[in-house]
Amino acid sequence: MTPSNPSPSSEQEPLPLGTGGTPDPWGMKRIENLITALTGVLSARVVVTPLGEVSEVHVLTRSDLQPKQTVRNIESALMAQLGFKIDHRKISVAQTADVRPIEALQQEAVTERAKRRVVVFKSLEVRPSDRPQRVQVRVKLAFGEKEAQAEELGTDTTRNRVEAAARAAAACLDDLLPDNSIALEGAQLIEAFDRKFVLVAVHGLGGREAQLLTGRCEIRE
């Protein structure tokens, strides 16, 4: 007589799920995602038995978060979001002061690189000129540690204010970017989609070749 196959037992070696494409028949990935979304949690891994019972929950958090508070947060979140009750003794919390998710590191690198290459708008000032029906437009821009400002005189109309501001901005760019030359081609107000936009074209000269560059921005103020 051939003996029957032994039934699964909760005493068997627990199996990790939800990592790197591993099958997730018990849906534990939802629990991991919920825990990872909590404030201060860097990563989470749920270990289950072959019967689908949670045997361990391993959590990595920042060092400024109290482990007991983390456990309480996990218990509350699982109950509120998934109706899942877990024994707090199954939750183990490890802390680190240095490890951060790769997404955060990548975003920080992108932000830092953007700061080094983006021209920052500092201020725009429009004031009456000594000449009648004229305005003095002053623009201030920054690039890295350097700032530049320029002033232009324009007729006191909406269109000429825009053109004067564009000329001043182009002059600032020409000062901030010494390896390139910027010359204003024109600035124009356009209306589309029940909104107002300003369309600007400049000639950028780098090396021996000039290139026409265009940009647009919605007018909100």
# chains A, B, ... in the order shown; residues from 1 in each chain; ligands from 1
$ select_by_dssp --residues "stretch 22-178 of chain A" --states "strand (DSSP E)" --output "JSON, numbers by chain"
{"A": [41, 42, 43, 44, 45, 46, 47, 48, 54, 55, 56, 57, 58, 59, 60, 61, 62, 91, 92, 93, 94, 95, 96, 120, 121, 122, 123, 124, 125, 126, 127, 128, 134, 135, 136, 137, 138, 139, 140, 141, 142, 143, 146, 147, 148, 149, 150, 151, 152, 153, 154, 155]}
$ residues_around --residues "stretch 144-150 of chain A" --least-positions-apart "2" --cutoff "12 Å" --atoms "only C-alpha atoms" --output "ChimeraX atom specification"
/A:112-125,136-142,152-153,164-178
$ select_by_dssp --residues "stretch 59-215 of chain A" --states "alpha helix (DSSP H)" --output "compact mmCIF listing (two decimals) with C-alpha atoms, in the first residue's frame"
# COMPACT_ATOMS: atom_id res chain seq x y z
CA PRO A 67 10.70 50.84 16.55
CA LYS A 68 7.64 50.56 18.81
CA GLN A 69 5.94 53.39 16.94
CA THR A 70 6.76 51.68 13.64
CA VAL A 71 5.15 48.45 14.83
CA ARG A 72 2.03 50.31 15.96
CA ASN A 73 1.84 52.14 12.64
CA ILE A 74 2.08 48.84 10.74
CA GLU A 75 -0.63 47.22 12.87
CA SER A 76 -2.97 50.18 12.43
CA ALA A 77 -2.37 50.51 8.67
CA LEU A 78 -2.94 46.81 7.98
CA MET A 79 -6.15 46.77 9.98
CA ALA A 80 -7.50 50.02 8.53
CA GLN A 81 -6.59 49.41 4.89
CA LEU A 82 -6.79 45.64 4.51
CA ILE A 102 17.37 54.19 -4.96
CA GLU A 103 14.49 56.35 -6.28
CA ALA A 104 15.28 59.02 -3.67
CA LEU A 105 18.97 58.97 -4.54
CA GLN A 106 18.21 59.26 -8.25
CA GLN A 107 15.79 62.15 -7.70
CA GLU A 108 18.35 63.96 -5.55
CA ALA A 109 20.98 63.56 -8.27
CA VAL A 110 18.62 64.87 -10.94
CA THR A 111 17.64 67.85 -8.79
CA GLU A 112 21.25 68.71 -8.01
CA ARG A 113 22.21 68.50 -11.69
CA ALA A 114 19.26 70.68 -12.65
CA LYS A 115 20.36 73.36 -10.18
CA ARG A 116 23.71 73.56 -11.94
CA ARG A 117 22.26 74.00 -15.43
CA THR A 158 1.16 95.51 -22.83
CA ARG A 159 2.96 94.40 -25.98
CA ASN A 160 5.92 96.72 -25.49
CA ARG A 161 6.25 95.77 -21.82
CA VAL A 162 6.58 92.13 -22.90
CA GLU A 163 9.17 92.98 -25.54
CA ALA A 164 11.15 95.14 -23.10
CA ALA A 165 11.16 92.36 -20.52
CA ALA A 166 12.28 89.89 -23.19
CA ARG A 167 15.14 92.15 -24.29
CA ALA A 168 16.28 92.57 -20.68
CA ALA A 169 16.08 88.80 -20.07
CA ALA A 170 18.09 88.13 -23.24
CA ALA A 171 20.73 90.60 -22.11
CA CYS A 172 20.97 88.83 -18.74
CA LEU A 173 21.34 85.45 -20.44
CA ASP A 174 24.06 86.83 -22.69
CA ASP A 175 25.91 87.95 -19.56
CA LEU A 176 25.37 84.72 -17.60
$ atom_distance --atom1 "atom CA of A:Val135" --atom2 "atom CA of A:Asp156"
5.6 Å
$ residues_around --residues "A:Ala201" --least-positions-apart "5" --cutoff "6 Å" --atoms "only C-alpha atoms" --output "list of chain:residue names"
A:Glu185, A:Gly186, A:Leu213, A:Thr214
$ residues_around --residues "A:Leu189" --least-positions-apart "3" --cutoff "8 Å" --atoms "only C-alpha atoms" --output "NGL selection string"
:A and (159 or 196-199)
$ atom_distance --atom1 "atom CA of A:Ile190" --atom2 "atom CA of A:Arg216"
9.7 Å
$ closest_residue --among "A:Ser129, A:Met28, A:Ile219, A:Gly40" --to "A:Gly52" --atoms "only C-alpha atoms"
A:Met28
